Amino acid sequence: MTIDFNANYQLLIGGELNMAENTFEAYNPATEEVIAPVPDAAKAQLNAAVASAKAAFPAWRDTPLKERQMVVSRIGEAITEHAEAFMALLTKEQGKGRGGAEWEIGGSAYWCTEIAKQSLEPQIIENGDGHTVEYRRVPIGVVGGIVPWNFPLLLAVWKIAPALVAGNTIVIKPSPYTPLCTLKLGEVLRDIVPAGVLNIVSGGDELGKWMTEHPDIGKISFTGSTETGKKIMASAAGTLKRITLELGGNDPAIVLPDVNPKTIAEELFWTCFQNSAQFCVAAKRLYVHEAIYDDVRDALVDYARSVTLGDGSHADTQLGPIQNRMQYGKVKELLEDIRQAGGKVVLGGLTDDQPGFFVPVTIVDNPPEESRVVKEEAFGPVLPLLKYSDIDDMINRVNDTHYGLAASVWGNDIEQAKAIAERIEAGTVWINEIHVFGPHIPFGGHKQSGMGIENALEGLAEYTNPQTILIRQRHV
């Protein structure tokens, strides 16, 4: 099947491709040029997608697990078959360079392959004296998945794969900033996934609100900001929807005094700036022991100067633009706040406007702990370096946030690093590595960084309801 990835972006509803009466425009963040018109789904189209998913649910629920797993595995194969086209389109709409696109598209296919191997087996809790108690997991029904713009295809797959394996049907809403790859995924999968089992609708915030309020959607899985997550939680309460929320973070990275500043600089850079720091688990506060602070700062600045910022379609680009004008404005406003506060910027800072939403890598030298650049999630390439001397004081500073998504500790003394990791209030803590995820590794946040788990059997269980069956043998 030949699919044109450069045109004809359509909704997938009940196995059919649909346009909408209204459209909005998708932009290339590197050039600010319009890529294509995108269907803006009407409420009636969402209702049709949900009705289609609801109608498809009983047959999909009753489809043997192995057949559901085969379909999800086939989704991964289809992504691989169209990998080059997906990567080119991802770079065009999201802005990331070739390396980042390969990481995301390859990861999307891999997730399908591995999630397709998972299952939640019934547990026999009691079996004797003519009485059996079985505990099992059953699908919820129609799931609504709301996906962000930083990893649009991968995070859609994080919802689609477990939802389908568990026996649910799903309606996916991509971000209006990055809808194109997800809409094309629907076209690719039109003849692979049974009609109604997977539906994809694009639109703005109002579409998301309709989904969270819809009485026939039994669960919402959302990845995005903490503020939006709170609104979704409140909206979902009206129908007691199940929810999984993967929200914002202000992740700390802690550098112990026994590391070599020059050899760790490259790792620390990508810890903080991968995907131009548009990454919920990018390190957004870098705590460095005072004994090596100056050397780490200087080595980090030196390495940062060697990294190429530019249009992701260029072969030498390592960091792309901010994905959209809204976020670009937020990052520029933060940079202006740093300037007005007299922050010591050792690299980057404000630049003149030019085509594209480009922000240079910016490093701020030991700003006050109460400053905005420390307290807020920049979600752009702006990093505060913070000096510490006392471990207990540093841990208190690290934990003094309403976020609790992830963290990392860097040092040669593994025992000390692990002792620190165990005191950090976050769902994931890496030691001497970062951004290591897997279909078999549970991922979720503490505090206001989220609710629920993604990935692993715990993540698969998020797409189910528990059911207990008790049987008493009758003796006639």
# chains A, B, ... in the order shown; residues from 1 in each chain; ligands from 1
call {"tool": "select_by_dssp", "arguments": {"residues": "stretch 105-267 of chain A", "states": "helix (DSSP H, G or I)", "output": "PyMOL selection string"}}
result
chain A and resi 105-115+152-165+180-189+205-213+226-239+261-267
call {"tool": "closest_atom_pairs", "arguments": {"of": "stretch 412-440 of chain A", "to": "stretch 374-395 of chain A", "cutoff": "10 Å", "atoms": "only C-alpha atoms", "output": "Markdown table"}}
result
| residue | atom | partner | partner_atom | distance |
| --- | --- | --- | --- | --- |
| A:Ile420 | CA | A:Ile395 | CA | 7.7 |
| A:Ala421 | CA | A:Ile395 | CA | 9.5 |
| A:Arg423 | CA | A:Ile395 | CA | 7.4 |
| A:Ile424 | CA | A:Ile395 | CA | 6.9 |
| A:Glu425 | CA | A:Ile395 | CA | 9.4 |
call {"tool": "atom_distance", "arguments": {"atom1": "atom CA of A:Glu246", "atom2": "atom CA of A:Thr464"}}
result
17.6 Å
call {"tool": "atom_distance", "arguments": {"atom1": "atom CA of A:Asn22", "atom2": "atom CA of A:Lys209"}}
result
17.9 Å
call {"tool": "residues_around", "arguments": {"residues": "A:Thr362", "least_positions_apart": "5", "cutoff": "12 Å", "atoms": "only C-alpha atoms", "output": "ChimeraX atom specification"}}
result
/A:269,272-273,276-277,284,300-301,304-305,331-332,334-335,338-339,343-351,373,378,380-385
call {"tool": "residues_around", "arguments": {"residues": "stretch 228-244 of chain A", "least_positions_apart": "5", "cutoff": "9 Å", "atoms": "only C-alpha atoms", "output": "mmCIF file with all heavy atoms, in the first residue's frame"}}
result
data_model
loop_
_atom_site.group_PDB
_atom_site.id
_atom_site.type_symbol
_atom_site.label_atom_id
_atom_site.label_comp_id
_atom_site.auth_asym_id
_atom_site.auth_seq_id
_atom_site.Cartn_x
_atom_site.Cartn_y
_atom_site.Cartn_z
ATOM 1 N N ILE A 140 -11.411 -2.297 30.345
ATOM 2 C CA ILE A 140 -12.312 -1.246 30.816
ATOM 3 C C ILE A 140 -13.402 -0.953 29.797
ATOM 4 O O ILE A 140 -14.560 -0.737 30.141
ATOM 5 C CB ILE A 140 -11.500 0.028 31.123
ATOM 6 C CG1 ILE A 140 -10.563 -0.233 32.319
ATOM 7 C CG2 ILE A 140 -12.408 1.219 31.396
ATOM 8 C CD1 ILE A 140 -9.506 0.822 32.512
ATOM 9 N N GLY A 208 -10.210 17.767 23.577
ATOM 10 C CA GLY A 208 -9.775 17.065 24.771
ATOM 11 C C GLY A 208 -10.795 17.147 25.885
ATOM 12 O O GLY A 208 -11.044 16.166 26.605
ATOM 13 N N LYS A 209 -11.422 18.310 26.047
ATOM 14 C CA LYS A 209 -12.453 18.476 27.073
ATOM 15 C C LYS A 209 -13.652 17.576 26.782
ATOM 16 O O LYS A 209 -14.204 16.947 27.690
ATOM 17 C CB LYS A 209 -12.877 19.942 27.125
ATOM 18 C CG LYS A 209 -13.857 20.304 28.222
ATOM 19 C CD LYS A 209 -14.046 21.809 28.294
ATOM 20 C CE LYS A 209 -14.985 22.217 29.428
ATOM 21 N NZ LYS A 209 -16.376 21.860 29.148
ATOM 22 N N THR A 212 -12.748 14.024 27.891
ATOM 23 C CA THR A 212 -12.714 13.756 29.337
ATOM 24 C C THR A 212 -14.106 13.769 29.949
ATOM 25 O O THR A 212 -14.324 13.167 31.006
ATOM 26 C CB THR A 212 -11.818 14.770 30.059
ATOM 27 O OG1 THR A 212 -12.300 16.102 29.829
ATOM 28 C CG2 THR A 212 -10.380 14.666 29.574
ATOM 29 N N GLU A 213 -15.052 14.430 29.290
ATOM 30 C CA GLU A 213 -16.422 14.468 29.802
ATOM 31 C C GLU A 213 -17.301 13.363 29.218
ATOM 32 O O GLU A 213 -18.400 13.128 29.724
ATOM 33 C CB GLU A 213 -17.058 15.831 29.454
ATOM 34 C CG GLU A 213 -16.421 17.007 30.169
ATOM 35 C CD GLU A 213 -16.987 18.343 29.693
ATOM 36 O OE1 GLU A 213 -17.680 18.356 28.649
ATOM 37 O OE2 GLU A 213 -16.730 19.357 30.357
ATOM 38 N N HIS A 214 -16.844 12.691 28.190
ATOM 39 C CA HIS A 214 -17.717 11.781 27.434
ATOM 40 C C HIS A 214 -18.136 10.585 28.299
ATOM 41 O O HIS A 214 -17.293 9.878 28.856
ATOM 42 C CB HIS A 214 -17.003 11.278 26.181
ATOM 43 C CG HIS A 214 -17.949 10.796 25.129
ATOM 44 N ND1 HIS A 214 -18.722 9.667 25.289
ATOM 45 C CD2 HIS A 214 -18.266 11.300 23.908
ATOM 46 C CE1 HIS A 214 -19.467 9.490 24.210
ATOM 47 N NE2 HIS A 214 -19.210 10.469 23.357
ATOM 48 N N PRO A 215 -19.425 10.322 28.406
ATOM 49 C CA PRO A 215 -19.883 9.249 29.293
ATOM 50 C C PRO A 215 -19.503 7.854 28.829
ATOM 51 O O PRO A 215 -19.517 6.908 29.641
ATOM 52 C CB PRO A 215 -21.407 9.421 29.294
ATOM 53 C CG PRO A 215 -21.721 10.136 28.012
ATOM 54 C CD PRO A 215 -20.556 11.040 27.771
ATOM 55 N N ILE A 217 -16.537 7.004 27.435
ATOM 56 C CA ILE A 217 -15.096 6.755 27.576
ATOM 57 C C ILE A 217 -14.843 6.383 29.027
ATOM 58 O O ILE A 217 -15.156 7.140 29.945
ATOM 59 C CB ILE A 217 -14.262 7.985 27.160
ATOM 60 C CG1 ILE A 217 -14.392 8.215 25.648
ATOM 61 C CG2 ILE A 217 -12.792 7.798 27.550
ATOM 62 C CD1 ILE A 217 -13.612 9.422 25.127
ATOM 63 N N GLY A 218 -14.310 5.188 29.233
ATOM 64 C CA GLY A 218 -14.141 4.675 30.589
ATOM 65 C C GLY A 218 -12.811 5.000 31.229
ATOM 66 O O GLY A 218 -12.649 4.841 32.443
ATOM 67 N N LYS A 219 -11.844 5.436 30.426
ATOM 68 C CA LYS A 219 -10.522 5.760 30.968
ATOM 69 C C LYS A 219 -9.882 6.832 30.104
ATOM 70 O O LYS A 219 -10.034 6.830 28.871
ATOM 71 C CB LYS A 219 -9.619 4.526 30.984
ATOM 72 C CG LYS A 219 -8.180 4.817 31.422
ATOM 73 C CD LYS A 219 -7.276 3.598 31.277
ATOM 74 C CE LYS A 219 -5.823 3.961 31.547
ATOM 75 N NZ LYS A 219 -5.559 4.371 32.923
ATOM 76 N N ILE A 220 -9.152 7.727 30.747
ATOM 77 C CA ILE A 220 -8.318 8.700 30.047
ATOM 78 C C ILE A 220 -6.865 8.443 30.427
ATOM 79 O O ILE A 220 -6.519 8.347 31.617
ATOM 80 C CB ILE A 220 -8.691 10.150 30.416
ATOM 81 C CG1 ILE A 220 -10.076 10.511 29.874
ATOM 82 C CG2 ILE A 220 -7.638 11.125 29.890
ATOM 83 C CD1 ILE A 220 -10.153 10.706 28.386
ATOM 84 N N SER A 221 -6.023 8.307 29.411
ATOM 85 C CA SER A 221 -4.579 8.248 29.608
ATOM 86 C C SER A 221 -3.991 9.515 28.997
ATOM 87 O O SER A 221 -4.106 9.731 27.788
ATOM 88 C CB SER A 221 -3.981 7.000 28.950
ATOM 89 O OG SER A 221 -2.572 6.994 29.089
ATOM 90 N N PHE A 222 -3.388 10.347 29.822
ATOM 91 C CA PHE A 222 -2.927 11.669 29.392
ATOM 92 C C PHE A 222 -1.453 11.845 29.706
ATOM 93 O O PHE A 222 -0.991 11.514 30.799
ATOM 94 C CB PHE A 222 -3.728 12.763 30.103
ATOM 95 C CG PHE A 222 -3.174 14.160 29.923
ATOM 96 C CD1 PHE A 222 -3.367 14.852 28.743
ATOM 97 C CD2 PHE A 222 -2.460 14.765 30.951
ATOM 98 C CE1 PHE A 222 -2.851 16.138 28.583
ATOM 99 C CE2 PHE A 222 -1.950 16.047 30.807
ATOM 100 C CZ PHE A 222 -2.142 16.740 29.613
ATOM 101 N N THR A 223 -0.723 12.402 28.758
ATOM 102 C CA THR A 223 0.652 12.826 28.978
ATOM 103 C C THR A 223 0.738 14.302 28.635
ATOM 104 O O THR A 223 0.358 14.704 27.528
ATOM 105 C CB THR A 223 1.636 12.043 28.109
ATOM 106 O OG1 THR A 223 1.467 10.643 28.339
ATOM 107 C CG2 THR A 223 3.073 12.425 28.436
ATOM 108 N N GLN A 448 2.924 15.897 42.236
ATOM 109 C CA GLN A 448 2.122 16.429 41.139
ATOM 110 C C GLN A 448 2.723 16.121 39.772
ATOM 111 O O GLN A 448 2.387 16.766 38.779
ATOM 112 C CB GLN A 448 1.926 17.936 41.315
ATOM 113 C CG GLN A 448 1.096 18.286 42.539
ATOM 114 C CD GLN A 448 0.792 19.759 42.648
ATOM 115 O OE1 GLN A 448 0.629 20.466 41.660
ATOM 116 N NE2 GLN A 448 0.692 20.239 43.880
ATOM 117 N N GLY A 450 2.290 13.119 38.457
ATOM 118 C CA GLY A 450 1.501 12.095 37.795
ATOM 119 C C GLY A 450 0.761 11.177 38.728
ATOM 120 O O GLY A 450 0.879 11.252 39.955
ATOM 121 N N MET A 451 0.009 10.298 38.105
ATOM 122 C CA MET A 451 -0.798 9.307 38.822
ATOM 123 C C MET A 451 -0.878 8.065 37.958
ATOM 124 O O MET A 451 -1.240 8.134 36.780
ATOM 125 C CB MET A 451 -2.192 9.872 39.087
ATOM 126 C CG MET A 451 -3.136 8.924 39.780
ATOM 127 S SD MET A 451 -4.707 9.726 40.169
ATOM 128 C CE MET A 451 -4.163 10.916 41.376
ATOM 129 N N GLY A 452 -0.492 6.936 38.536
ATOM 130 C CA GLY A 452 -0.515 5.695 37.778
ATOM 131 C C GLY A 452 0.838 5.369 37.181
ATOM 132 O O GLY A 452 1.818 6.114 37.338
ATOM 133 N N ILE A 453 0.887 4.254 36.470
ATOM 134 C CA ILE A 453 2.130 3.713 35.926
ATOM 135 C C ILE A 453 1.967 3.480 34.436
ATOM 136 O O ILE A 453 0.894 3.076 33.964
ATOM 137 C CB ILE A 453 2.485 2.378 36.615
ATOM 138 C CG1 ILE A 453 2.838 2.621 38.093
ATOM 139 C CG2 ILE A 453 3.631 1.658 35.913
ATOM 140 C CD1 ILE A 453 4.118 3.391 38.311
ATOM 141 N N GLU A 454 3.027 3.724 33.691
ATOM 142 C CA GLU A 454 3.095 3.317 32.292
ATOM 143 C C GLU A 454 4.186 2.269 32.152
ATOM 144 O O GLU A 454 5.164 2.259 32.891
ATOM 145 C CB GLU A 454 3.379 4.522 31.391
ATOM 146 C CG GLU A 454 2.232 5.520 31.365
ATOM 147 C CD GLU A 454 2.441 6.626 30.365
ATOM 148 O OE1 GLU A 454 3.320 7.474 30.597
ATOM 149 O OE2 GLU A 454 1.728 6.658 29.348
ATOM 150 N N GLU A 462 -3.051 -0.930 34.225
ATOM 151 C CA GLU A 462 -3.753 0.362 34.259
ATOM 152 C C GLU A 462 -4.913 0.395 33.259
ATOM 153 O O GLU A 462 -5.814 1.217 33.378
ATOM 154 C CB GLU A 462 -2.772 1.494 33.941
ATOM 155 C CG GLU A 462 -1.719 1.733 34.995
ATOM 156 C CD GLU A 462 -2.153 2.741 36.042
ATOM 157 O OE1 GLU A 462 -2.914 3.668 35.716
ATOM 158 O OE2 GLU A 462 -1.714 2.602 37.199
ATOM 159 N N TYR A 463 -4.867 -0.462 32.257
ATOM 160 C CA TYR A 463 -5.920 -0.502 31.235
ATOM 161 C C TYR A 463 -6.955 -1.581 31.525
ATOM 162 O O TYR A 463 -7.667 -2.032 30.626
ATOM 163 C CB TYR A 463 -5.285 -0.698 29.856
ATOM 164 C CG TYR A 463 -4.515 0.518 29.421
ATOM 165 C CD1 TYR A 463 -3.174 0.671 29.742
ATOM 166 C CD2 TYR A 463 -5.138 1.540 28.709
ATOM 167 C CE1 TYR A 463 -2.470 1.819 29.379
ATOM 168 C CE2 TYR A 463 -4.445 2.679 28.336
ATOM 169 C CZ TYR A 463 -3.117 2.813 28.673
ATOM 170 O OH TYR A 463 -2.420 3.946 28.312
#
call {"tool": "residues_around", "arguments": {"residues": "A:Arg98", "least_positions_apart": "2", "cutoff": "9 Å", "atoms": "only C-alpha atoms", "output": "list in words"}}
result
Met87, Ala88, Thr91, Lys96, Gly100, Ala101, Glu102, Trp103, Gly312, Ser313, His314, Ala315, Asp316, Thr317 and Gln318 of chain A
call {"tool": "atom_distance", "arguments": {"atom1": "atom CA of A:Ile79", "atom2": "atom CA of A:Pro439"}}
result
16.8 Å
call {"tool": "closest_residue", "arguments": {"among": "A:Val142, A:Val281, A:Ile172, A:Ala166", "to": "A:Leu247", "atoms": "only C-alpha atoms"}}
result
A:Val281
call {"tool": "closest_residue", "arguments": {"among": "A:Leu12, A:Val259, A:Ile146, A:Leu309", "to": "A:Ser52", "atoms": "only C-alpha atoms"}}
result
A:Leu12
call {"tool": "select_by_dssp", "arguments": {"residues": "stretch 28-216 of chain A", "states": "strand (DSSP E or B)", "output": "short mmCIF file (atom, residue, chain, number, x, y, z; two decimals) with all heavy atoms, in the first residue's frame"}}
result
data_model
loop_
_atom_site.label_atom_id
_atom_site.label_comp_id
_atom_site.auth_asym_id
_atom_site.auth_seq_id
_atom_site.Cartn_x
_atom_site.Cartn_y
_atom_site.Cartn_z
N VAL A 34 3.85 26.76 6.82
CA VAL A 34 2.72 25.84 6.95
C VAL A 34 3.06 24.53 6.24
O VAL A 34 3.52 24.53 5.09
CB VAL A 34 1.45 26.45 6.35
CG1 VAL A 34 0.31 25.43 6.36
CG2 VAL A 34 1.05 27.70 7.13
N ILE A 35 2.85 23.42 6.94
CA ILE A 35 3.07 22.10 6.32
C ILE A 35 1.82 21.65 5.59
O ILE A 35 1.87 21.24 4.44
CB ILE A 35 3.45 21.05 7.39
CG1 ILE A 35 4.69 21.48 8.16
CG2 ILE A 35 3.67 19.69 6.72
CD1 ILE A 35 4.99 20.58 9.37
N ALA A 36 0.68 21.72 6.28
CA ALA A 36 -0.55 21.20 5.69
C ALA A 36 -1.74 21.60 6.55
O ALA A 36 -1.60 21.88 7.74
CB ALA A 36 -0.49 19.67 5.60
N PRO A 37 -2.94 21.60 5.96
CA PRO A 37 -4.15 21.74 6.77
C PRO A 37 -4.45 20.42 7.48
O PRO A 37 -4.17 19.34 6.96
CB PRO A 37 -5.24 22.07 5.74
CG PRO A 37 -4.74 21.47 4.47
CD PRO A 37 -3.24 21.55 4.52
N VAL A 38 -5.01 20.54 8.67
CA VAL A 38 -5.28 19.38 9.52
C VAL A 38 -6.75 19.39 9.90
O VAL A 38 -7.29 20.45 10.27
CB VAL A 38 -4.41 19.43 10.79
CG1 VAL A 38 -4.66 18.20 11.68
CG2 VAL A 38 -2.94 19.54 10.44
N PRO A 39 -7.44 18.26 9.84
CA PRO A 39 -8.86 18.24 10.22
C PRO A 39 -9.06 18.58 11.69
O PRO A 39 -8.37 18.05 12.56
CB PRO A 39 -9.31 16.82 9.90
CG PRO A 39 -8.06 16.01 9.80
CD PRO A 39 -6.98 16.94 9.35
N ASP A 40 -10.00 19.49 11.93
CA ASP A 40 -10.38 19.88 13.29
C ASP A 40 -11.71 19.19 13.59
O ASP A 40 -12.78 19.64 13.19
CB ASP A 40 -10.53 21.41 13.34
CG ASP A 40 -10.72 21.93 14.75
OD1 ASP A 40 -10.72 21.11 15.69
OD2 ASP A 40 -10.85 23.16 14.92
N GLN A 123 -5.11 -15.12 38.75
CA GLN A 123 -4.49 -15.69 39.95
C GLN A 123 -5.53 -16.48 40.72
O GLN A 123 -6.64 -15.98 40.95
CB GLN A 123 -3.94 -14.57 40.84
CG GLN A 123 -2.91 -13.68 40.19
CD GLN A 123 -2.52 -12.53 41.09
OE1 GLN A 123 -2.40 -12.69 42.31
NE2 GLN A 123 -2.32 -11.36 40.50
N ILE A 124 -5.18 -17.70 41.09
CA ILE A 124 -6.06 -18.51 41.94
C ILE A 124 -5.65 -18.24 43.38
O ILE A 124 -4.57 -18.63 43.84
CB ILE A 124 -5.95 -20.01 41.60
CG1 ILE A 124 -6.28 -20.24 40.13
CG2 ILE A 124 -6.88 -20.81 42.52
CD1 ILE A 124 -7.68 -19.78 39.73
N ILE A 125 -6.51 -17.55 44.10
CA ILE A 125 -6.20 -17.15 45.47
C ILE A 125 -6.57 -18.26 46.45
O ILE A 125 -5.89 -18.45 47.47
CB ILE A 125 -6.96 -15.84 45.82
CG1 ILE A 125 -6.45 -14.71 44.92
CG2 ILE A 125 -6.80 -15.47 47.29
CD1 ILE A 125 -7.25 -13.43 45.05
N GLU A 126 -7.60 -18.99 46.13
CA GLU A 126 -8.05 -20.06 47.01
C GLU A 126 -8.60 -21.19 46.15
O GLU A 126 -9.32 -20.94 45.18
CB GLU A 126 -9.14 -19.53 47.95
CG GLU A 126 -9.66 -20.54 48.95
CD GLU A 126 -10.74 -19.96 49.85
OE1 GLU A 126 -10.61 -18.77 50.24
OE2 GLU A 126 -11.72 -20.68 50.13
N ASN A 127 -8.27 -22.41 46.50
CA ASN A 127 -8.77 -23.55 45.73
C ASN A 127 -8.74 -24.79 46.63
O ASN A 127 -7.74 -25.49 46.72
CB ASN A 127 -7.93 -23.77 44.48
CG ASN A 127 -8.52 -24.82 43.56
OD1 ASN A 127 -9.70 -25.13 43.66
ND2 ASN A 127 -7.69 -25.37 42.69
N GLY A 128 -9.84 -25.03 47.30
CA GLY A 128 -9.92 -26.19 48.18
C GLY A 128 -11.26 -26.27 48.88
O GLY A 128 -11.98 -25.26 48.99
N HIS A 131 -14.23 -24.83 47.12
CA HIS A 131 -14.35 -23.37 46.94
C HIS A 131 -13.14 -22.84 46.20
O HIS A 131 -12.00 -23.16 46.54
CB HIS A 131 -14.46 -22.69 48.31
CG HIS A 131 -14.87 -21.24 48.22
ND1 HIS A 131 -14.07 -20.23 48.67
CD2 HIS A 131 -15.99 -20.66 47.74
CE1 HIS A 131 -14.68 -19.08 48.47
NE2 HIS A 131 -15.85 -19.31 47.91
N THR A 132 -13.39 -22.03 45.16
CA THR A 132 -12.32 -21.44 44.37
C THR A 132 -12.51 -19.93 44.31
O THR A 132 -13.64 -19.44 44.12
CB THR A 132 -12.32 -21.99 42.93
OG1 THR A 132 -12.18 -23.40 42.99
CG2 THR A 132 -11.19 -21.40 42.11
N VAL A 133 -11.41 -19.21 44.48
CA VAL A 133 -11.41 -17.75 44.34
C VAL A 133 -10.39 -17.38 43.28
O VAL A 133 -9.20 -17.69 43.42
CB VAL A 133 -11.08 -17.03 45.67
CG1 VAL A 133 -11.06 -15.51 45.46
CG2 VAL A 133 -12.07 -17.42 46.76
N GLU A 134 -10.87 -16.76 42.21
CA GLU A 134 -9.99 -16.35 41.10
C GLU A 134 -10.00 -14.84 40.97
O GLU A 134 -11.05 -14.19 40.98
CB GLU A 134 -10.49 -16.98 39.79
CG GLU A 134 -9.66 -16.57 38.57
CD GLU A 134 -10.21 -17.15 37.29
OE1 GLU A 134 -10.39 -18.39 37.22
OE2 GLU A 134 -10.48 -16.37 36.35
N TYR A 135 -8.80 -14.29 40.87
CA TYR A 135 -8.64 -12.84 40.67
C TYR A 135 -8.09 -12.62 39.27
O TYR A 135 -7.09 -13.21 38.88
CB TYR A 135 -7.67 -12.28 41.71
CG TYR A 135 -7.37 -10.80 41.56
CD1 TYR A 135 -8.28 -9.85 42.00
CD2 TYR A 135 -6.18 -10.36 40.98
CE1 TYR A 135 -8.02 -8.49 41.88
CE2 TYR A 135 -5.92 -9.01 40.85
CZ TYR A 135 -6.83 -8.08 41.30
OH TYR A 135 -6.56 -6.74 41.16
N ARG A 136 -8.80 -11.78 38.49
CA ARG A 136 -8.40 -11.58 37.11
C ARG A 136 -8.53 -10.10 36.74
O ARG A 136 -9.12 -9.31 37.48
CB ARG A 136 -9.27 -12.44 36.17
CG ARG A 136 -10.75 -12.15 36.27
CD ARG A 136 -11.61 -13.30 35.72
NE ARG A 136 -11.50 -13.41 34.28
CZ ARG A 136 -12.38 -12.89 33.43
NH1 ARG A 136 -13.44 -12.19 33.88
NH2 ARG A 136 -12.23 -13.05 32.14
N ARG A 137 -7.95 -9.73 35.61
CA ARG A 137 -8.04 -8.36 35.11
C ARG A 137 -8.87 -8.37 33.83
O ARG A 137 -8.66 -9.21 32.96
CB ARG A 137 -6.65 -7.80 34.80
CG ARG A 137 -5.62 -7.93 35.91
CD ARG A 137 -5.91 -7.14 37.14
NE ARG A 137 -6.10 -5.72 36.91
CZ ARG A 137 -5.98 -4.79 37.87
NH1 ARG A 137 -5.64 -5.14 39.11
NH2 ARG A 137 -6.21 -3.52 37.59
N VAL A 138 -9.80 -7.43 33.74
CA VAL A 138 -10.69 -7.37 32.57
C VAL A 138 -10.59 -5.98 31.96
O VAL A 138 -10.33 -4.99 32.66
CB VAL A 138 -12.15 -7.69 32.96
CG1 VAL A 138 -12.25 -9.11 33.50
CG2 VAL A 138 -12.68 -6.68 33.98
N PRO A 139 -10.77 -5.86 30.63
CA PRO A 139 -10.65 -4.56 29.99
C PRO A 139 -11.72 -3.58 30.45
O PRO A 139 -12.82 -3.99 30.88
CB PRO A 139 -10.78 -4.88 28.50
CG PRO A 139 -11.46 -6.20 28.43
CD PRO A 139 -11.03 -6.94 29.66
N VAL A 142 -13.87 1.58 26.36
CA VAL A 142 -13.31 2.60 25.47
C VAL A 142 -12.32 3.45 26.26
O VAL A 142 -12.66 4.01 27.30
CB VAL A 142 -14.41 3.49 24.86
CG1 VAL A 142 -13.78 4.53 23.94
CG2 VAL A 142 -15.43 2.64 24.10
N VAL A 143 -11.11 3.56 25.74
CA VAL A 143 -10.06 4.37 26.35
C VAL A 143 -9.85 5.62 25.50
O VAL A 143 -9.89 5.56 24.27
CB VAL A 143 -8.73 3.58 26.44
CG1 VAL A 143 -7.57 4.48 26.88
CG2 VAL A 143 -8.89 2.41 27.40
N GLY A 144 -9.66 6.76 26.15
CA GLY A 144 -9.28 7.98 25.47
C GLY A 144 -7.82 8.29 25.76
O GLY A 144 -7.42 8.36 26.92
N GLY A 145 -7.01 8.42 24.71
CA GLY A 145 -5.60 8.73 24.87
C GLY A 145 -5.30 10.13 24.36
O GLY A 145 -5.62 10.47 23.21
N ILE A 146 -4.71 10.98 25.20
CA ILE A 146 -4.38 12.36 24.84
C ILE A 146 -2.86 12.50 24.90
O ILE A 146 -2.25 12.27 25.94
CB ILE A 146 -5.07 13.36 25.76
CG1 ILE A 146 -6.59 13.15 25.71
CG2 ILE A 146 -4.72 14.79 25.37
CD1 ILE A 146 -7.39 14.05 26.65
N THR A 169 -10.78 -0.87 23.35
CA THR A 169 -10.71 -0.09 22.12
C THR A 169 -10.28 1.32 22.52
O THR A 169 -10.35 1.70 23.70
CB THR A 169 -12.05 -0.07 21.39
OG1 THR A 169 -13.07 0.42 22.28
CG2 THR A 169 -12.42 -1.47 20.92
N ILE A 170 -9.83 2.13 21.55
CA ILE A 170 -9.21 3.40 21.94
C ILE A 170 -9.50 4.50 20.93
O ILE A 170 -9.63 4.24 19.73
CB ILE A 170 -7.68 3.22 22.13
CG1 ILE A 170 -7.05 4.44 22.81
CG2 ILE A 170 -6.98 2.90 20.81
CD1 ILE A 170 -5.63 4.18 23.32
N VAL A 171 -9.63 5.71 21.46
CA VAL A 171 -9.70 6.94 20.66
C VAL A 171 -8.49 7.78 21.05
O VAL A 171 -8.33 8.13 22.22
CB VAL A 171 -11.00 7.72 20.93
CG1 VAL A 171 -11.02 9.01 20.10
CG2 VAL A 171 -12.22 6.86 20.62
N ILE A 172 -7.64 8.08 20.08
CA ILE A 172 -6.41 8.83 20.32
C ILE A 172 -6.58 10.26 19.80
O ILE A 172 -7.03 10.48 18.67
CB ILE A 172 -5.21 8.17 19.62
CG1 ILE A 172 -4.78 6.91 20.37
CG2 ILE A 172 -4.03 9.13 19.49
CD1 ILE A 172 -4.00 7.16 21.65
N LYS A 173 -6.17 11.22 20.63
CA LYS A 173 -6.11 12.62 20.22
C LYS A 173 -4.65 13.08 20.27
O LYS A 173 -4.08 13.22 21.35
CB LYS A 173 -6.95 13.51 21.13
CG LYS A 173 -6.81 15.00 20.82
CD LYS A 173 -7.34 15.85 21.94
CE LYS A 173 -7.07 17.34 21.72
NZ LYS A 173 -5.62 17.67 21.68
N LEU A 198 -9.26 1.06 16.83
CA LEU A 198 -8.39 2.23 16.93
C LEU A 198 -9.02 3.37 16.14
O LEU A 198 -9.32 3.22 14.96
CB LEU A 198 -6.99 1.92 16.38
CG LEU A 198 -6.05 3.11 16.21
CD1 LEU A 198 -5.73 3.75 17.56
CD2 LEU A 198 -4.77 2.70 15.49
N ASN A 199 -9.21 4.50 16.80
CA ASN A 199 -9.75 5.70 16.17
C ASN A 199 -8.82 6.87 16.50
O ASN A 199 -8.31 6.97 17.63
CB ASN A 199 -11.15 6.01 16.69
CG ASN A 199 -12.11 4.84 16.52
OD1 ASN A 199 -12.78 4.73 15.52
ND2 ASN A 199 -12.14 3.95 17.51
N ILE A 200 -8.59 7.75 15.53
CA ILE A 200 -7.69 8.88 15.74
C ILE A 200 -8.40 10.15 15.28
O ILE A 200 -8.84 10.25 14.13
CB ILE A 200 -6.36 8.69 14.99
CG1 ILE A 200 -5.65 7.44 15.51
CG2 ILE A 200 -5.47 9.92 15.14
CD1 ILE A 200 -4.40 7.06 14.75
#
call {"tool": "residues_around", "arguments": {"residues": "A:Ala195", "least_positions_apart": "2", "cutoff": "10 Å", "atoms": "only C-alpha atoms", "output": "list in words"}}
result
Leu12, Ile13, Gly14, Gly15, Glu16, Ser52, Ala53, Ala55, Ala56, Leu189, Arg190, Asp191, Ile192, Val193, Val197, Leu198 and Asn199 of chain A
